[in-house]
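Asks: Input file: query-v5.txt. Contents: compact mmCIF, C-alpha atoms.
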# COMPACT_ATOMS: atom_id res chain seq x y z
CA MET A 1 -14.13 21.83 -37.62
CA THR A 2 -17.85 22.33 -37.01
CA THR A 3 -18.83 25.39 -35.01
CA SER A 4 -21.73 24.94 -32.60
CA THR A 5 -23.86 27.74 -31.14
CA GLU A 6 -25.28 25.47 -28.44
CA GLU A 7 -25.67 27.41 -25.22
CA ILE A 8 -23.32 26.87 -22.31
CA PHE A 9 -24.75 27.79 -18.96
CA LEU A 10 -22.86 29.76 -16.32
CA ASN A 11 -24.39 30.92 -13.05
CA ASN A 12 -22.26 34.00 -12.52
CA SER A 13 -19.85 36.24 -14.39
CA ARG A 14 -16.95 35.27 -12.08
CA VAL A 15 -15.71 31.77 -12.95
CA CYS A 16 -12.87 29.55 -11.77
CA CYS A 17 -10.38 28.55 -14.47
CA VAL A 18 -8.13 25.50 -14.06
CA SER A 19 -6.51 22.99 -16.37
CA ASP A 20 -4.35 19.87 -16.68
CA ILE A 21 -5.50 17.98 -13.59
CA HIS A 22 -4.25 14.70 -15.12
CA ILE A 23 -6.26 12.33 -12.96
CA GLY A 24 -4.52 8.94 -12.93
CA ILE A 25 -1.01 10.34 -13.24
CA HIS A 26 1.92 8.21 -12.06
CA GLN A 27 0.38 4.86 -12.97
CA ASN A 28 -2.95 5.55 -11.26
CA SER A 29 -1.28 5.51 -7.85
CA LEU A 30 -3.27 5.80 -4.65
CA LEU A 31 -0.83 8.45 -3.42
CA TRP A 32 -1.61 10.74 -6.35
CA HIS A 33 -5.33 10.03 -6.12
CA ASN A 34 -5.17 11.26 -2.53
CA ILE A 35 -3.17 14.36 -3.52
CA THR A 36 -5.75 15.13 -6.20
CA ILE A 37 -8.77 14.70 -3.94
CA ASP A 38 -7.20 16.83 -1.20
CA TRP A 39 -6.72 19.55 -3.80
CA ALA A 40 -10.32 19.11 -5.05
CA ARG A 41 -11.66 19.61 -1.51
CA TRP A 42 -9.43 22.65 -1.03
CA LEU A 43 -10.62 24.18 -4.31
CA ALA A 44 -14.28 23.59 -3.44
CA GLN A 45 -13.82 25.33 -0.10
CA GLU A 46 -11.93 28.22 -1.70
CA LEU A 47 -14.60 28.79 -4.32
CA GLY A 48 -17.40 28.43 -1.80
CA ASN A 49 -15.83 31.14 0.34
CA LYS A 50 -15.65 33.43 -2.71
CA GLY A 51 -19.16 32.71 -3.96
CA VAL A 52 -17.90 31.18 -7.21
CA THR A 53 -20.16 28.41 -8.54
CA ASP A 54 -18.75 27.75 -12.03
CA ILE A 55 -15.56 25.96 -13.07
CA ILE A 56 -14.04 25.90 -16.55
CA ILE A 57 -11.44 23.15 -17.08
CA SER A 58 -9.26 23.80 -20.15
CA GLY A 59 -8.36 20.20 -20.97
CA ASP A 60 -6.46 17.14 -19.72
CA PHE A 61 -8.85 16.13 -16.96
CA PHE A 62 -7.48 12.58 -17.33
CA HIS A 63 -3.84 11.63 -17.78
CA TYR A 64 -3.75 8.49 -19.94
CA ARG A 65 -5.25 8.83 -23.39
CA ASP A 66 -5.33 5.16 -24.43
CA GLU A 67 -7.05 3.67 -21.39
CA ILE A 68 -8.28 4.63 -17.93
CA ALA A 69 -7.75 2.24 -15.03
CA VAL A 70 -10.77 1.00 -13.11
CA ASN A 71 -9.48 2.49 -9.85
CA THR A 72 -9.17 5.89 -11.54
CA ILE A 73 -12.70 5.70 -12.95
CA HIS A 74 -13.94 4.88 -9.45
CA PHE A 75 -11.86 7.71 -7.97
CA VAL A 76 -13.20 10.30 -10.43
CA THR A 77 -16.69 9.86 -9.00
CA ASP A 78 -15.32 10.88 -5.59
CA VAL A 79 -13.82 14.06 -7.07
CA LEU A 80 -17.00 14.95 -8.93
CA ASP A 81 -19.10 14.28 -5.84
CA ILE A 82 -17.08 17.00 -4.09
CA TRP A 83 -17.84 19.32 -7.02
CA ARG A 84 -21.48 18.25 -7.43
CA GLU A 85 -22.80 21.72 -6.53
CA PHE A 86 -20.62 23.42 -9.14
CA ASN A 87 -21.50 23.99 -12.77
CA ILE A 88 -18.55 22.61 -14.76
CA VAL A 89 -17.48 23.16 -18.37
CA MET A 90 -14.73 20.81 -19.60
CA LEU A 91 -12.69 21.08 -22.78
CA VAL A 92 -11.21 17.94 -24.26
CA GLY A 93 -7.41 18.08 -24.04
CA ASN A 94 -4.86 15.97 -25.89
CA HIS A 95 -4.61 13.56 -22.94
CA ASP A 96 -8.40 13.17 -23.01
CA ALA A 97 -8.55 12.54 -26.77
CA TYR A 98 -7.98 9.15 -28.37
CA TYR A 99 -6.69 10.58 -31.64
CA LYS A 100 -3.68 12.90 -31.78
CA ASP A 101 -5.26 15.67 -33.84
CA LYS A 102 -8.98 15.69 -33.00
CA SER A 103 -11.26 15.39 -29.98
CA ASP A 104 -14.44 13.68 -31.11
CA VAL A 105 -13.45 10.35 -29.48
CA ASN A 106 -12.51 11.11 -25.90
CA SER A 107 -12.48 9.80 -22.34
CA LEU A 108 -14.67 12.62 -21.04
CA SER A 109 -17.66 10.96 -22.70
CA ILE A 110 -17.97 8.72 -19.62
CA LEU A 111 -19.08 11.84 -17.71
CA SER A 112 -22.18 12.36 -19.86
CA GLY A 113 -24.47 11.27 -17.01
CA TRP A 114 -23.44 14.18 -14.80
CA THR A 115 -26.05 16.91 -15.27
CA ASN A 116 -23.74 19.63 -13.92
CA ILE A 117 -20.98 18.89 -16.46
CA LYS A 118 -20.78 20.12 -20.05
CA VAL A 119 -18.08 18.49 -22.18
CA ILE A 120 -16.75 20.50 -25.15
CA SER A 121 -15.45 18.19 -27.89
CA THR A 122 -16.11 20.48 -30.88
CA LEU A 123 -15.53 24.20 -31.27
CA LYS A 124 -18.37 26.20 -29.71
CA ASN A 125 -19.03 29.92 -29.87
CA VAL A 126 -21.53 31.27 -27.33
CA HIS A 127 -22.55 34.55 -25.72
CA LEU A 128 -21.96 34.86 -21.99
CA PHE A 129 -22.58 38.07 -20.06
CA ASN A 130 -22.56 40.13 -23.26
CA ARG A 131 -19.28 38.57 -24.37
CA SER A 132 -18.65 36.41 -27.40
CA VAL A 133 -16.78 33.36 -26.06
CA THR A 134 -15.24 30.53 -28.07
CA PHE A 135 -14.35 27.16 -26.54
CA CYS A 136 -11.65 25.29 -28.48
CA PRO A 137 -10.90 21.66 -27.63
CA TRP A 138 -7.67 19.92 -28.65
CA GLY A 139 -7.14 19.84 -32.40
CA THR A 140 -8.93 23.13 -33.15
CA SER A 141 -7.50 24.86 -36.22
CA ILE A 142 -6.73 28.56 -35.90
CA LYS A 143 -8.60 29.25 -39.15
CA ASP A 144 -11.85 27.92 -37.63
CA ILE A 145 -11.82 30.26 -34.64
CA PRO A 146 -14.18 33.24 -35.15
CA GLU A 147 -13.44 36.74 -33.94
CA CYS A 148 -14.68 37.00 -30.37
CA ASP A 149 -13.92 38.50 -26.97
CA VAL A 150 -12.58 35.46 -25.10
CA ILE A 151 -11.06 32.15 -26.19
CA PHE A 152 -10.69 29.12 -23.95
CA GLY A 153 -8.45 26.47 -25.48
CA HIS A 154 -5.91 23.71 -25.15
CA PHE A 155 -3.24 25.11 -27.43
CA GLU A 156 0.41 24.76 -28.35
CA ILE A 157 1.37 28.41 -28.68
CA SER A 158 4.76 29.29 -30.11
CA SER A 159 7.26 31.11 -27.83
CA PHE A 160 5.73 29.80 -24.59
CA LYS A 161 7.59 27.32 -22.40
CA GLN A 162 6.56 23.71 -22.89
CA ASN A 163 8.42 22.87 -19.69
CA SER A 164 11.24 24.23 -17.54
CA TYR A 165 13.89 23.89 -20.25
CA LYS A 166 12.19 23.95 -23.67
CA VAL A 167 10.36 26.75 -25.46
CA CYS A 168 7.72 25.79 -28.03
CA ASP A 169 9.01 26.67 -31.49
CA THR A 170 6.04 25.33 -33.45
CA GLY A 171 2.27 25.60 -33.06
CA ILE A 172 0.04 28.66 -33.13
CA ILE A 173 1.60 32.10 -33.54
CA THR A 174 0.52 34.62 -30.90
CA VAL A 175 -0.28 37.40 -33.37
CA GLU A 176 -2.71 35.13 -35.25
CA LEU A 177 -4.42 34.02 -32.06
CA LEU A 178 -4.82 37.57 -30.74
CA GLN A 179 -6.43 38.57 -34.03
CA ARG A 180 -9.30 36.28 -32.99
CA ALA A 181 -9.71 37.53 -29.40
CA GLY A 182 -8.13 39.94 -26.96
CA MET A 183 -8.28 37.45 -24.09
CA VAL A 184 -6.93 33.91 -24.54
CA ILE A 185 -6.93 31.36 -21.70
CA SER A 186 -5.24 28.04 -22.40
CA GLY A 187 -4.32 24.75 -20.88
CA HIS A 188 -1.71 22.22 -22.13
CA PHE A 189 1.66 23.63 -21.00
CA HIS A 190 2.17 23.06 -17.28
CA LEU A 191 4.15 26.21 -16.50
CA ARG A 192 1.78 29.03 -15.60
CA ASP A 193 2.38 32.14 -17.69
CA GLU A 194 0.72 35.53 -18.21
CA ARG A 195 1.67 37.75 -21.13
CA ASN A 196 0.28 41.16 -21.94
CA TYR A 197 0.47 42.37 -25.54
CA ASP A 198 -0.60 45.65 -27.14
CA ASN A 199 -3.73 43.95 -28.49
CA GLY A 200 -4.56 41.49 -25.74
CA ASN A 201 -3.58 38.95 -23.10
CA ILE A 202 -2.64 35.26 -23.16
CA VAL A 203 -2.80 33.24 -19.96
CA TYR A 204 -1.49 29.70 -19.60
CA LEU A 205 -3.25 28.28 -16.54
CA GLY A 206 -0.62 25.62 -15.85
CA ASN A 207 -1.39 22.52 -13.80
CA PRO A 208 -3.10 23.17 -10.43
CA PHE A 209 -0.48 21.38 -8.30
CA GLN A 210 3.08 20.15 -8.86
CA MET A 211 3.23 16.70 -10.43
CA ASP A 212 6.97 15.99 -10.84
CA PHE A 213 10.38 17.60 -10.46
CA GLY A 214 9.87 19.44 -13.74
CA ASP A 215 7.43 21.60 -11.75
CA ALA A 216 9.92 22.33 -8.95
CA GLY A 217 10.08 26.02 -8.17
CA SER A 218 6.93 26.92 -10.11
CA THR A 219 3.82 28.40 -8.52
CA LYS A 220 0.51 26.56 -8.97
CA GLY A 221 -3.08 27.48 -8.25
CA TYR A 222 -6.29 28.65 -9.89
CA TYR A 223 -7.59 31.74 -11.68
CA ILE A 224 -10.88 33.58 -11.39
CA LEU A 225 -11.98 35.42 -14.54
CA ASP A 226 -14.69 38.08 -14.47
CA PHE A 227 -16.52 38.05 -17.81
CA GLU A 228 -17.92 41.53 -17.24
CA THR A 229 -14.55 43.24 -16.78
CA LEU A 230 -12.29 40.60 -18.38
CA LYS A 231 -9.97 40.98 -15.40
CA TYR A 232 -8.47 37.91 -13.80
CA GLU A 233 -6.83 37.08 -10.49
CA PHE A 234 -4.59 34.21 -9.44
CA THR A 235 -4.71 32.36 -6.12
CA GLU A 236 -1.73 30.23 -5.15
CA ASN A 237 -2.23 26.61 -4.12
CA LYS A 238 -0.49 26.25 -0.76
CA LYS A 239 -2.33 23.03 0.07
CA SER A 240 -0.70 20.47 -2.21
CA PRO A 241 2.80 19.00 -1.75
CA THR A 242 5.68 20.44 -3.73
CA HIS A 243 8.94 19.16 -5.23
CA HIS A 244 12.32 20.37 -4.00
CA LYS A 245 15.89 19.74 -5.12
CA VAL A 246 18.01 20.20 -2.00
CA LEU A 247 21.78 20.60 -2.35
CA LEU A 248 23.90 18.86 0.26
CA SER A 249 26.33 21.79 0.21
CA GLU A 250 23.52 24.19 1.12
CA LEU A 251 22.42 21.99 4.02
CA ALA A 252 26.03 21.83 5.24
CA GLU A 253 26.27 25.62 5.06
CA ILE A 254 23.13 25.98 7.19
CA GLY A 255 24.70 23.56 9.66
CA CYS A 256 21.49 22.44 11.37
CA ILE A 257 17.93 21.38 10.69
CA ASN A 258 16.15 24.68 11.19
CA ALA A 259 12.47 25.55 10.69
CA GLU A 260 12.97 26.32 7.00
CA VAL A 261 14.56 22.92 6.34
CA ARG A 262 11.76 21.20 8.23
CA ASP A 263 9.13 23.02 6.19
CA THR A 264 10.91 22.11 2.96
CA PHE A 265 11.00 18.40 3.76
CA ASN A 266 7.67 17.98 5.56
CA ASN A 267 4.97 16.40 3.35
CA ASN A 268 6.91 17.18 0.15
CA PHE A 269 8.90 15.33 -2.52
CA ILE A 270 12.64 15.73 -2.02
CA LYS A 271 15.60 15.06 -4.28
CA LEU A 272 18.79 15.26 -2.25
CA VAL A 273 21.54 16.42 -4.62
CA ILE A 274 24.98 15.16 -3.57
CA ASP A 275 27.30 17.92 -4.76
CA ARG A 276 30.26 17.29 -2.46
CA ALA A 277 32.38 14.26 -1.59
CA ILE A 278 30.63 11.98 0.89
CA SER A 279 30.68 8.23 1.55
CA SER A 280 27.74 5.92 0.92
CA ASP A 281 27.52 5.19 4.66
CA GLU A 282 27.21 8.92 5.38
CA ILE A 283 24.50 9.21 2.75
CA ASP A 284 22.55 6.43 4.48
CA ILE A 285 22.87 8.22 7.81
CA LEU A 286 21.62 11.46 6.26
CA LEU A 287 18.67 9.76 4.58
CA ASN A 288 17.64 8.12 7.84
CA LYS A 289 17.83 11.49 9.55
CA PHE A 290 15.86 13.26 6.82
CA GLN A 291 13.14 10.58 6.92
CA THR A 292 12.29 11.83 10.41
CA LEU A 293 11.26 15.14 8.79
CA SER A 294 8.31 13.30 7.14
CA PRO A 295 8.87 13.83 3.41
CA ILE A 296 6.42 12.02 1.15
CA HIS A 297 9.38 10.60 -0.77
CA ILE A 298 13.10 11.28 -0.82
CA SER A 299 15.56 10.25 -3.52
CA VAL A 300 19.23 10.91 -4.21
CA ASP A 301 20.89 12.50 -7.21
CA TYR A 302 24.60 13.08 -7.80
CA ALA A 303 26.14 16.30 -9.10
CA ILE A 304 29.79 15.91 -8.16
CA ASN A 305 32.08 17.15 -10.91
CA PHE A 306 34.03 13.99 -11.67
CA SER A 307 33.43 14.45 -15.39
CA LYS A 308 36.93 15.41 -16.50
CA TYR A 309 38.28 13.03 -19.11
CA LYS A 310 41.80 13.08 -20.54
CA LEU A 311 41.53 13.01 -24.31
CA ASP A 312 45.27 13.13 -24.97
CA GLU A 313 48.39 14.28 -23.18
CA ASP A 314 47.77 17.95 -23.75
CA LEU A 315 43.96 18.22 -23.72
CA ILE A 316 41.57 17.78 -20.84
CA LYS A 317 37.92 18.56 -21.57
CA ASP A 318 35.32 19.20 -18.88
CA PHE A 319 31.88 17.85 -19.75
CA SER A 320 30.19 18.94 -16.52
CA GLY A 321 28.33 21.78 -18.23
CA VAL A 322 26.69 19.64 -20.91
CA ASP A 323 23.08 20.61 -21.56
CA ILE A 324 21.44 17.17 -21.47
CA PRO A 325 18.11 18.17 -23.11
CA THR A 326 19.98 19.76 -26.00
CA ALA A 327 22.20 16.69 -26.29
CA ILE A 328 19.10 14.47 -26.45
CA GLU A 329 17.59 16.59 -29.22
CA GLU A 330 20.80 16.61 -31.24
CA PHE A 331 21.30 12.86 -30.83
CA ILE A 332 17.77 12.00 -32.01
CA GLU A 333 18.11 14.42 -34.91
CA LEU A 334 21.09 12.37 -36.14
CA MET A 335 19.16 9.09 -35.96
CA ASP A 336 17.66 7.53 -39.08
CA ILE A 337 14.11 7.23 -37.75
CA ASP A 338 10.64 8.52 -38.53
CA ASN A 339 8.61 10.77 -36.21
CA LYS A 340 11.69 12.46 -34.77
CA LYS A 341 9.64 15.18 -33.10
CA GLU A 342 7.38 12.69 -31.30
CA VAL A 343 10.40 10.62 -30.17
CA THR A 344 12.21 13.76 -29.00
CA ASP A 345 9.19 15.10 -27.10
CA HIS A 346 8.58 11.75 -25.40
CA THR A 347 12.25 11.31 -24.44
CA LEU A 348 12.51 14.86 -23.09
CA ASP A 349 9.31 14.36 -21.13
CA LEU A 350 10.75 11.22 -19.55
CA PHE A 351 13.95 13.09 -18.71
CA ARG A 352 12.00 15.98 -17.19
CA ARG A 353 9.98 13.67 -14.97
CA CYS A 354 13.08 11.87 -13.70
CA SER A 355 15.38 14.86 -13.28
Go through the file and emit its structure as structure tokens.
Replies:
Amino acid sequence: MTTSTEEIFLNNSRVCCVSDIHIGIHQNSLLWHNITIDWARWLAQELGNKGVTDIIISGDFFHYRDEIAVNTIHFVTDVLDIWREFNIVMLVGNHDAYYKDKSDVNSLSILSGWTNIKVISTLKNVHLFNRSVTFCPWGTSIKDIPECDVIFGHFEISSFKQNSYKVCDTGIITVELLQRAGMVISGHFHLRDERNYDNGNIVYLGNPFQMDFGDAGSTKGYYILDFETLKYEFTENKKSPTHHKVLLSELAEIGCINAEVRDTFNNNFIKLVIDRAISSDEIDILLNKFQTLSPIHISVDYAINFSKYKLDEDLIKDFSGVDIPTAIEEFIELMDIDNKKEVTDHTLDLFRRCS
């Protein structure tokens, strides 16, 4: 990959770091456009209050890599209008890139007319505030990264969680990455993570707000990195809606709709988990009641242990503890197909979004 020394401008040493905004997610829905723009306004206000005027986005600004809907293109101008006073550096992520292993053809090219936006589609090494900084878009090879002080990337790093149930067992090895720089900041995986090693730090920014039930229980927000000290701080996003799996048994134990239950349901995505015997009529009554608590959306899932099957007269096996993601991986591994990894990743992603 070609290394460019083209200068990247930053106003101040303290910069906002975010990633994986995925504009257009969930079939370019108006609901998610509104969630995104509310977050964009919140972030602008937060940064304005802190005197931060620069934003670095570590990939996946858009969600769909093959095409972008007209309503999403129109919506992006509204987001960028909110951020017009900020200086923005964007890395191409895998969802922004047309090809699977390189970033030269990408959807971020439509932003070329915005004078406050710099799109990084090839590896760039620059000096910022007396630091050597390398920007690595999707597809960057570890061998092409020079030794420097800070790396911004969109990486698959081995041993980090790809999602709530799967750890990445391929990709870049941490020891090799930290030989290039003592501070690595990456997008791509949606679970925020900070790891301190003897020779440096790796920070996965995660997505800035929850986007499906795979994000349930995880904390989202933004980071501010100080280039002069290389210290960073995280601020939690308490503005955007969150996803909650609510057990019927826990609600029954509480025995009433208290303030905590109201806060959980209000303006959030709820999956009501039926884990005790109840009739369909009673479920309908509960759903009607919970709708008065103003959730954005509420759905029902079933977790009653009726999964005991008699295999013969003397053997009864309980399948209730089956690890579904593992079962999916093992099933696909037995199939006579090509691209097993891609099929597995796609199937697990679909499962994560629905579960």
Asks: For the interface of segment 138-252 of chain A with segment 56-61 of chain A (cut-off 9 Å, counting all atoms listed in the file), please tabulate each contacting residue of segment 138-252 of chain A alongside its nearest pair of atoms and their separation in Å to one decimal, rows sorted by chain and increasing number, as a Markdown table.
Replies:
| residue | atom | partner | partner_atom | distance |
| --- | --- | --- | --- | --- |
| A:Trp138 | CA | A:Gly59 | CA | 7.7 |
| A:Phe152 | CA | A:Ser58 | CA | 6.7 |
| A:Gly153 | CA | A:Ser58 | CA | 6.0 |
| A:His154 | CA | A:Gly59 | CA | 6.0 |
| A:Ile185 | CA | A:Ser58 | CA | 8.1 |
| A:Ser186 | CA | A:Ser58 | CA | 6.3 |
| A:Gly187 | CA | A:Ser58 | CA | 5.1 |
| A:His188 | CA | A:Gly59 | CA | 7.0 |
| A:Leu205 | CA | A:Ser58 | CA | 8.3 |
Asks: Find the residues near Asp101 of chain A: any atom within 9 Å, counting only C-alpha atoms, skip ones fewer than 5 places away on the same chain, and give them as a PDB file with C-alpha atoms, keeping the file's coordinate frame.
Replies:
ATOM      1  CA  ASN A  94      -4.860  15.970 -25.890  1.00  0.00           C
ATOM      2  CA  TRP A 138      -7.670  19.920 -28.650  1.00  0.00           C
ATOM      3  CA  GLY A 139      -7.140  19.840 -32.400  1.00  0.00           C
ATOM      4  CA  THR A 140      -8.930  23.130 -33.150  1.00  0.00           C
TER       5      THR A 140
END
Asks: For a quick check of understanding, using only C-alpha atoms, which of A:Ala259, A:Ile55, A:Leu191, A:Ile110 has the smallest distance to Ala216 of chain A?
Replies: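 Looking at the shortest contact to Ala216 of chain A, the residue is A:Leu191.
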Asks: Would you work out the distance separating atom CA of Asp66 of chain A from atom CA of Tyr99 of chain A, expressed in Å to one decimal?
Replies: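 Between these atoms lies a distance of 9.1 Å.
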Asks: Rank A:His33, A:Val70, A:Ser19, A:Leu43 by their smallest atom-to-atom distance to Val92 of chain A, using all atoms listed in the file, and report the top residue only.
Replies: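 So, comparing all the options, the nearest one is A:Ser19.
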Asks: Name all residues at most 7 Å from Pro137 of chain A (count all atoms listed in the file; drop same-chain ones fewer than 6 positions away) and give them as a list in words.
Replies: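 Final neighbour list, sorted by chain and number: Leu91, Val92, Gly93, Ser103, Ile120, Ser121, Thr122, Leu123, Gly153 and His154 of chain A.
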Asks: Could the residues in this selection be saved with C-alpha atoms as a compact mmCIF listing (two decimals), in the frame of the given file?
Replies:
# COMPACT_ATOMS: atom_id res chain seq x y z
CA LEU A 91 -12.69 21.08 -22.78
CA VAL A 92 -11.21 17.94 -24.26
CA GLY A 93 -7.41 18.08 -24.04
CA SER A 103 -11.26 15.39 -29.98
CA ILE A 120 -16.75 20.50 -25.15
CA SER A 121 -15.45 18.19 -27.89
CA THR A 122 -16.11 20.48 -30.88
CA LEU A 123 -15.53 24.20 -31.27
CA GLY A 153 -8.45 26.47 -25.48
CA HIS A 154 -5.91 23.71 -25.15
Asks: Looking at A:Asp284, A:Asp96, A:Glu176, A:Asp144, which one is nearest to Arg65 of chain A, with distances taken over all atoms listed in the file?
Replies: A:Asp96
Asks: Give the centre and edge lengths of an axis-aligned box, in Å to one decimal, that holds all listed atoms of segment 252-269 of chain A with 3 Å on each side, as lines of an AutoDock Vina configuration file.
Replies:
center_x = 15.6
center_y = 20.8
center_z = 4.4
size_x = 27.3
size_y = 17.0
size_z = 19.9
Asks: So how far away is atom CA of Lys245 of chain A from atom CA of Gly221 of chain A, in Å?
Replies: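 Between these atoms lies a distance of 20.7 Å.
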Asks: Using all atoms listed in the file for the distances, tell me which of A:Ala40, A:Ile278, A:Cys17, A:Ile151 is nearest to Ser132 of chain A.
Replies: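 Nearest candidate to Ser132 of chain A out of A:Ala40, A:Ile278, A:Cys17, A:Ile151: A:Ile151.
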Asks: Hey, can you check how far atom CA of Tyr98 of chain A sits from atom CA of Phe351 of chain A?
Replies: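 Atom CA of Phe351 of chain A lies at a distance of 24.3 Å from atom CA of Tyr98 of chain A.
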Asks: Would you pick out the contacts of Asp215 of chain A at 10 Å or less, using all atoms listed in the file, so that residues sharing its chain but fewer than 2 positions from it are not included, and give the list as a PyMOL selection string?
Replies: chain A and resi 163-164+190-191+206-207+209-213+217-220+242-244+352-353
Asks: Scan for residues within 10 Å of the point (8.3, 14.1, 3.6) in the coordinates of the file, using only C-alpha atoms, and reply as a VMD selection string.
Replies: chain A and resid 241 262 to 270 290 to 298
Asks: Quick one: residues within 9 Å of Leu128 of chain A, all atoms listed in the file counted, chain neighbours fewer than 3 positions away excluded, as a VMD selection string?
Replies: chain A and resid 7 to 10 13 131 to 133 227
